[in-house]
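Participant: The structure is given below, and queries will be raised subsequently.
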Protein chains: 2
Amino acid sequence: MKKLIWPGSTQLAPVPAVLVGTGGNGFKNNLITIAWAGIVCSDPAMISIAVRPERYSYAALVQTREFTVNVPLASQAAIVDWCGVVSGRDHDKFAEKHLTAAGGSVINAPLVMECPLNLECKVKEIIKLGSHDLFLGEIVAVQVSEDFIAESGRLDLERCGGVLAYAHGHYFNLGECIGHFGFSVRKKSGPLVRK
Amino acid sequence: MKKLIWPGSTQLAPVPAVLVGTGGNGFKNNLITIAWAGIVCSDPAMISIAVRPERYSYAALVQTREFTVNVPLASQAAIVDWCGVVSGRDHDKFAEKHLTAAGGSVINAPLVMECPLNLECKVKEIIKLGSHDLFLGEIVAVQVSEDFIAESGRLDLERCGGVLAYAHGHYFNLGECIGHFGFSVRKKSGPLVRK
């Protein structure tokens, strides 16, 4: 259990790797790949994305105060990677990757129809932190591809290869399902026991 | 590609499932499991954790303004789950799960020696959002178990079964490595080509 001590760095893992969509209200539709994303509140449902001000999407985020978070499949890793390497200044990412942009149900920013899960978000707060500005967004609607709904009516991530994870510079799919929340205290076929 | 539209909810996936350590400065050492965590800035390295004010760890977080983020192995899923179900009011989580608490190199909050990766964090800002308060912390040091360092001197997550992921109420290990950042534009054995 010997430990090496390193300077502070962004070693949290795994993190999501999502396509953030901006556009509408006079802005060109664009996608930016974001791994610095996380849930920040359950009620209201809120998400954070961290974006460098020099990014092409930044102006649209600040001025439209809307974005979509499109959760990709592991099979879409090459598209996600490409959208994180090239800039919307030089590329029409939707057209070049044959992605279908659709307006949100509540907002005008584009969602990626090919991603199984799309979160429609409204910017509530922007916090300057250093290299990145933190956008806190309320998740005002969620869209789910019908293919991802199990017979029970619940979301079934296992279908279509599951979602994409990012850890220390590498993309992964999810492996084995180890258990559900509460499995460590749940008796077989019994209710959750909160000790 | 038919979509169902749902109300806004916290559907981002995958997210990390980490053990957040609090204590020192007169507070009992405790662990709280957090999935609402994310990187929020690269320079300075910063992380966010979202915590309900009614949680036992909340007072220590606010008053010590220190915490550790302990990234667990997939094989530690049952411990992570248990620490998210029971309260530090009733349990000594370190003792009951035979975990070794060590003081940080910079802070007094306890890190979990058995976790491969430990982030030492100082609270910079607390933002009230609703059900959760968002703690923005600077990552002031990182500790890594020697077993996780490859011959190259780099972090090697593949060892020891990899880290734990959480997606829609279920724990997963990471599966196949699909590629590294930039793989979509990197020529074989060539440098990264930014288009």
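To be explicit about the labels: the chains of the structure tokens are called A, B, and onward in the order shown, and within each one the residues are counted from 1, while ligands get numbers from 1 in the order they are shown.
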Using only C-alpha atoms, select each residue of chain A with any atom at most 6 Å away from an atom of chain B, and give the selection as a count of residues only.
Facilitator: 50
Participant: What is the CA of Ala102 in chain B-CA of Ser152 in chain B distance in Å, reported with one decimal?
Facilitator: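 Answer for the CA of Ala102 in chain B to CA of Ser152 in chain B separation: 27.1 Å.
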Participant: Here's a check: after a least-squares fit over all in-order C-alpha atoms, write chain B in the frame of chain A, as a CSV table (one decimal) with C-alpha atoms, in the first residue's frame.
Facilitator:
```
chain,number,residue,atom,x,y,z
B,1,MET,CA,0.0,0.0,0.0
B,2,LYS,CA,2.9,2.4,-0.6
B,3,LYS,CA,1.7,5.7,-2.1
B,4,LEU,CA,3.4,8.1,-4.4
B,5,ILE,CA,2.5,11.7,-3.9
B,6,TRP,CA,1.9,13.8,-7.0
B,7,PRO,CA,0.9,17.5,-7.5
B,8,GLY,CA,-2.8,18.1,-7.8
B,9,SER,CA,-4.3,17.1,-11.1
B,10,THR,CA,-7.6,16.1,-12.7
B,11,GLN,CA,-7.3,12.3,-11.9
B,12,LEU,CA,-11.0,11.6,-11.3
B,13,ALA,CA,-12.1,8.5,-13.2
B,14,PRO,CA,-14.2,7.4,-14.9
B,15,VAL,CA,-15.9,10.5,-16.2
B,16,PRO,CA,-18.5,10.7,-19.0
B,17,ALA,CA,-17.6,11.7,-22.5
B,18,VAL,CA,-20.5,13.6,-24.0
B,19,LEU,CA,-21.3,15.6,-27.0
B,20,VAL,CA,-22.6,19.1,-26.0
B,21,GLY,CA,-24.8,20.7,-28.6
B,22,THR,CA,-25.1,24.5,-29.0
B,23,GLY,CA,-26.9,26.6,-31.6
B,24,GLY,CA,-30.2,28.1,-32.5
B,25,ASN,CA,-31.0,31.8,-31.9
B,26,GLY,CA,-28.7,32.8,-34.8
B,27,PHE,CA,-25.9,30.5,-33.9
B,28,LYS,CA,-24.7,27.7,-36.1
B,29,ASN,CA,-25.3,24.2,-34.8
B,30,ASN,CA,-22.1,22.8,-33.2
B,31,LEU,CA,-20.9,20.0,-31.0
B,32,ILE,CA,-18.1,20.1,-28.4
B,33,THR,CA,-16.9,17.0,-26.6
B,34,ILE,CA,-16.8,17.4,-22.9
B,35,ALA,CA,-15.4,15.0,-20.2
B,36,TRP,CA,-15.5,17.7,-17.5
B,37,ALA,CA,-19.2,17.1,-16.9
B,38,GLY,CA,-21.1,16.0,-13.8
B,39,ILE,CA,-24.4,16.0,-12.0
B,40,VAL,CA,-24.6,18.8,-9.4
B,41,CYS,CA,-28.1,18.6,-8.0
B,42,SER,CA,-31.0,16.2,-8.0
B,43,ASP,CA,-33.9,18.6,-7.3
B,44,PRO,CA,-33.9,20.5,-9.5
B,45,ALA,CA,-32.0,18.2,-11.9
B,46,MET,CA,-28.8,20.1,-12.7
B,47,ILE,CA,-25.6,19.3,-14.6
B,48,SER,CA,-22.3,21.1,-14.9
B,49,ILE,CA,-20.0,21.4,-17.9
B,50,ALA,CA,-16.6,23.1,-17.9
B,51,VAL,CA,-15.6,24.9,-21.0
B,52,ARG,CA,-12.6,26.9,-22.0
B,53,PRO,CA,-13.5,30.5,-23.1
B,54,GLU,CA,-11.4,30.1,-26.2
B,55,ARG,CA,-13.7,27.3,-27.5
B,56,TYR,CA,-15.9,28.0,-30.5
B,57,SER,CA,-19.0,26.9,-28.5
B,58,TYR,CA,-18.4,29.3,-25.7
B,59,ALA,CA,-20.1,32.4,-27.3
B,60,ALA,CA,-23.2,30.4,-28.1
B,61,LEU,CA,-23.3,28.9,-24.5
B,62,VAL,CA,-23.1,32.4,-23.0
B,63,GLN,CA,-25.5,34.2,-25.3
B,64,THR,CA,-28.2,31.5,-25.9
B,65,ARG,CA,-27.9,30.2,-22.3
B,66,GLU,CA,-28.9,26.8,-23.7
B,67,PHE,CA,-27.2,23.5,-24.5
B,68,THR,CA,-27.9,19.8,-25.0
B,69,VAL,CA,-25.9,17.0,-23.4
B,70,ASN,CA,-25.9,14.0,-25.8
B,71,VAL,CA,-24.8,10.8,-24.1
B,72,PRO,CA,-23.1,8.6,-26.8
B,73,LEU,CA,-22.8,4.9,-27.2
B,74,ALA,CA,-19.4,3.3,-26.9
B,75,SER,CA,-19.7,2.5,-30.6
B,76,GLN,CA,-19.7,6.2,-31.2
B,77,ALA,CA,-16.3,6.8,-29.6
B,78,ALA,CA,-14.6,7.8,-32.8
B,79,ILE,CA,-17.2,10.6,-33.5
B,80,VAL,CA,-16.9,11.8,-29.9
B,81,ASP,CA,-13.1,11.9,-30.1
B,82,TRP,CA,-13.2,13.7,-33.5
B,83,CYS,CA,-15.6,16.3,-32.1
B,84,GLY,CA,-13.1,17.0,-29.3
B,85,VAL,CA,-10.1,17.5,-31.6
B,86,VAL,CA,-11.5,19.7,-34.4
B,87,SER,CA,-13.1,23.1,-34.1
B,88,GLY,CA,-16.6,24.2,-35.2
B,89,ARG,CA,-14.8,27.2,-36.6
B,90,ASP,CA,-13.5,25.0,-39.4
B,91,HIS,CA,-16.0,22.2,-39.5
B,92,ASP,CA,-19.7,21.5,-39.7
B,93,LYS,CA,-19.6,18.6,-37.3
B,94,PHE,CA,-23.2,17.4,-37.8
B,95,ALA,CA,-22.8,17.3,-41.6
B,96,GLU,CA,-19.3,15.8,-41.7
B,97,LYS,CA,-20.3,12.9,-39.3
B,98,HIS,CA,-23.8,12.4,-40.8
B,99,LEU,CA,-25.4,13.3,-37.5
B,100,THR,CA,-29.0,14.4,-37.3
B,101,ALA,CA,-29.7,17.7,-35.5
B,102,ALA,CA,-33.1,18.1,-34.0
B,103,GLY,CA,-34.4,21.0,-31.9
B,104,GLY,CA,-35.2,20.3,-28.3
B,105,SER,CA,-38.7,20.0,-26.9
B,106,VAL,CA,-38.1,23.0,-24.7
B,107,ILE,CA,-34.9,24.7,-26.0
B,108,ASN,CA,-33.5,25.6,-29.5
B,109,ALA,CA,-30.0,24.1,-29.1
B,110,PRO,CA,-29.7,21.0,-31.3
B,111,LEU,CA,-29.8,17.4,-30.0
B,112,VAL,CA,-28.0,14.5,-31.7
B,113,MET,CA,-30.7,12.1,-32.7
B,114,GLU,CA,-28.2,9.2,-33.0
B,115,CYS,CA,-27.2,9.4,-29.3
B,116,PRO,CA,-29.5,7.3,-27.1
B,117,LEU,CA,-29.9,9.9,-24.4
B,118,ASN,CA,-30.3,13.7,-24.8
B,119,LEU,CA,-30.5,16.2,-21.9
B,120,GLU,CA,-32.0,19.6,-22.7
B,121,CYS,CA,-30.3,22.2,-20.5
B,122,LYS,CA,-30.8,25.9,-19.6
B,123,VAL,CA,-27.8,27.8,-18.2
B,124,LYS,CA,-28.5,29.0,-14.6
B,125,GLU,CA,-25.0,30.2,-13.6
B,126,ILE,CA,-21.6,30.7,-15.1
B,127,ILE,CA,-18.6,30.6,-12.7
B,128,LYS,CA,-15.1,31.6,-13.8
B,129,LEU,CA,-12.6,29.2,-12.3
B,130,GLY,CA,-9.3,29.5,-14.3
B,131,SER,CA,-8.7,27.6,-17.5
B,132,HIS,CA,-12.4,26.7,-17.6
B,133,ASP,CA,-15.7,28.4,-17.0
B,134,LEU,CA,-18.2,26.3,-15.2
B,135,PHE,CA,-21.7,26.3,-16.7
B,136,LEU,CA,-24.4,25.1,-14.2
B,137,GLY,CA,-27.4,24.0,-16.2
B,138,GLU,CA,-30.9,22.9,-15.3
B,139,ILE,CA,-31.9,19.7,-17.1
B,140,VAL,CA,-35.4,20.8,-18.3
B,141,ALA,CA,-36.2,17.7,-20.4
B,142,VAL,CA,-34.7,14.4,-21.4
B,143,GLN,CA,-35.1,12.5,-24.7
B,144,VAL,CA,-34.5,8.8,-24.9
B,145,SER,CA,-34.3,6.7,-28.1
B,146,GLU,CA,-37.1,4.1,-28.1
B,147,ASP,CA,-34.6,1.3,-28.7
B,148,PHE,CA,-33.2,1.9,-25.3
B,149,ILE,CA,-36.4,1.3,-23.4
B,150,ALA,CA,-36.9,-2.1,-22.0
B,151,GLU,CA,-40.2,-3.9,-22.0
B,152,SER,CA,-40.6,-2.7,-18.4
B,153,GLY,CA,-40.6,0.9,-19.6
B,154,ARG,CA,-37.3,1.6,-17.9
B,155,LEU,CA,-34.1,2.8,-19.4
B,156,ASP,CA,-32.0,-0.2,-20.5
B,157,LEU,CA,-28.4,0.8,-21.1
B,158,GLU,CA,-27.2,-2.7,-21.9
B,159,ARG,CA,-28.8,-2.4,-25.3
B,160,CYS,CA,-26.8,-1.2,-28.2
B,161,GLY,CA,-23.5,-1.7,-26.5
B,162,GLY,CA,-23.9,0.7,-23.6
B,163,VAL,CA,-22.5,4.2,-23.1
B,164,LEU,CA,-19.0,5.6,-23.4
B,165,ALA,CA,-16.7,6.2,-20.4
B,166,TYR,CA,-13.4,8.2,-20.3
B,167,ALA,CA,-10.6,7.5,-17.9
B,168,HIS,CA,-7.1,9.1,-17.9
B,169,GLY,CA,-7.1,9.9,-21.6
B,170,HIS,CA,-8.7,6.6,-22.8
B,171,TYR,CA,-12.2,5.7,-23.9
B,172,PHE,CA,-13.8,2.6,-22.6
B,173,ASN,CA,-17.1,0.8,-22.8
B,174,LEU,CA,-18.8,-0.4,-19.6
B,175,GLY,CA,-18.0,-3.9,-18.6
B,176,GLU,CA,-19.9,-6.2,-16.3
B,177,CYS,CA,-22.8,-5.0,-14.2
B,178,ILE,CA,-21.6,-5.6,-10.6
B,179,GLY,CA,-24.9,-4.7,-8.8
B,180,HIS,CA,-27.5,-2.1,-8.3
B,181,PHE,CA,-27.6,0.7,-5.7
B,182,GLY,CA,-28.2,-0.9,-2.3
B,183,PHE,CA,-27.0,-4.4,-3.3
B,184,SER,CA,-24.6,-4.6,-0.4
B,185,VAL,CA,-27.4,-4.5,2.2
B,186,ARG,CA,-30.4,-5.9,0.2
B,187,LYS,CA,-31.4,-9.4,1.2
B,188,LYS,CA,-32.2,-11.8,-1.6
B,189,SER,CA,-35.6,-11.0,-3.0
B,190,GLY,CA,-36.2,-8.7,-0.1
B,191,PRO,CA,-36.6,-4.9,0.1
B,192,LEU,CA,-33.7,-2.5,0.6
B,193,VAL,CA,-32.6,-2.6,4.3
B,194,ARG,CA,-31.3,0.8,5.4
B,195,LYS,CA,-29.2,0.1,8.5
```
Participant: Looking only at strand (DSSP E) from DSSP on the backbone, list the matching residues of range 10-177 of chain A as a ChimeraX atom specification.
Facilitator: /A:15-16,18-24,27-34,37-41,46-51,66-71,101-103,110-112,117-128,133-145,164-167,170-177
Participant: Using DSSP on the backbone, list every residue of range 11-187 of chain B that comes out as helix (DSSP H, G or I), and give them as number ranges by chain.
Facilitator: B: 57-64, 74-85, 93-96, 146-148, 159-161
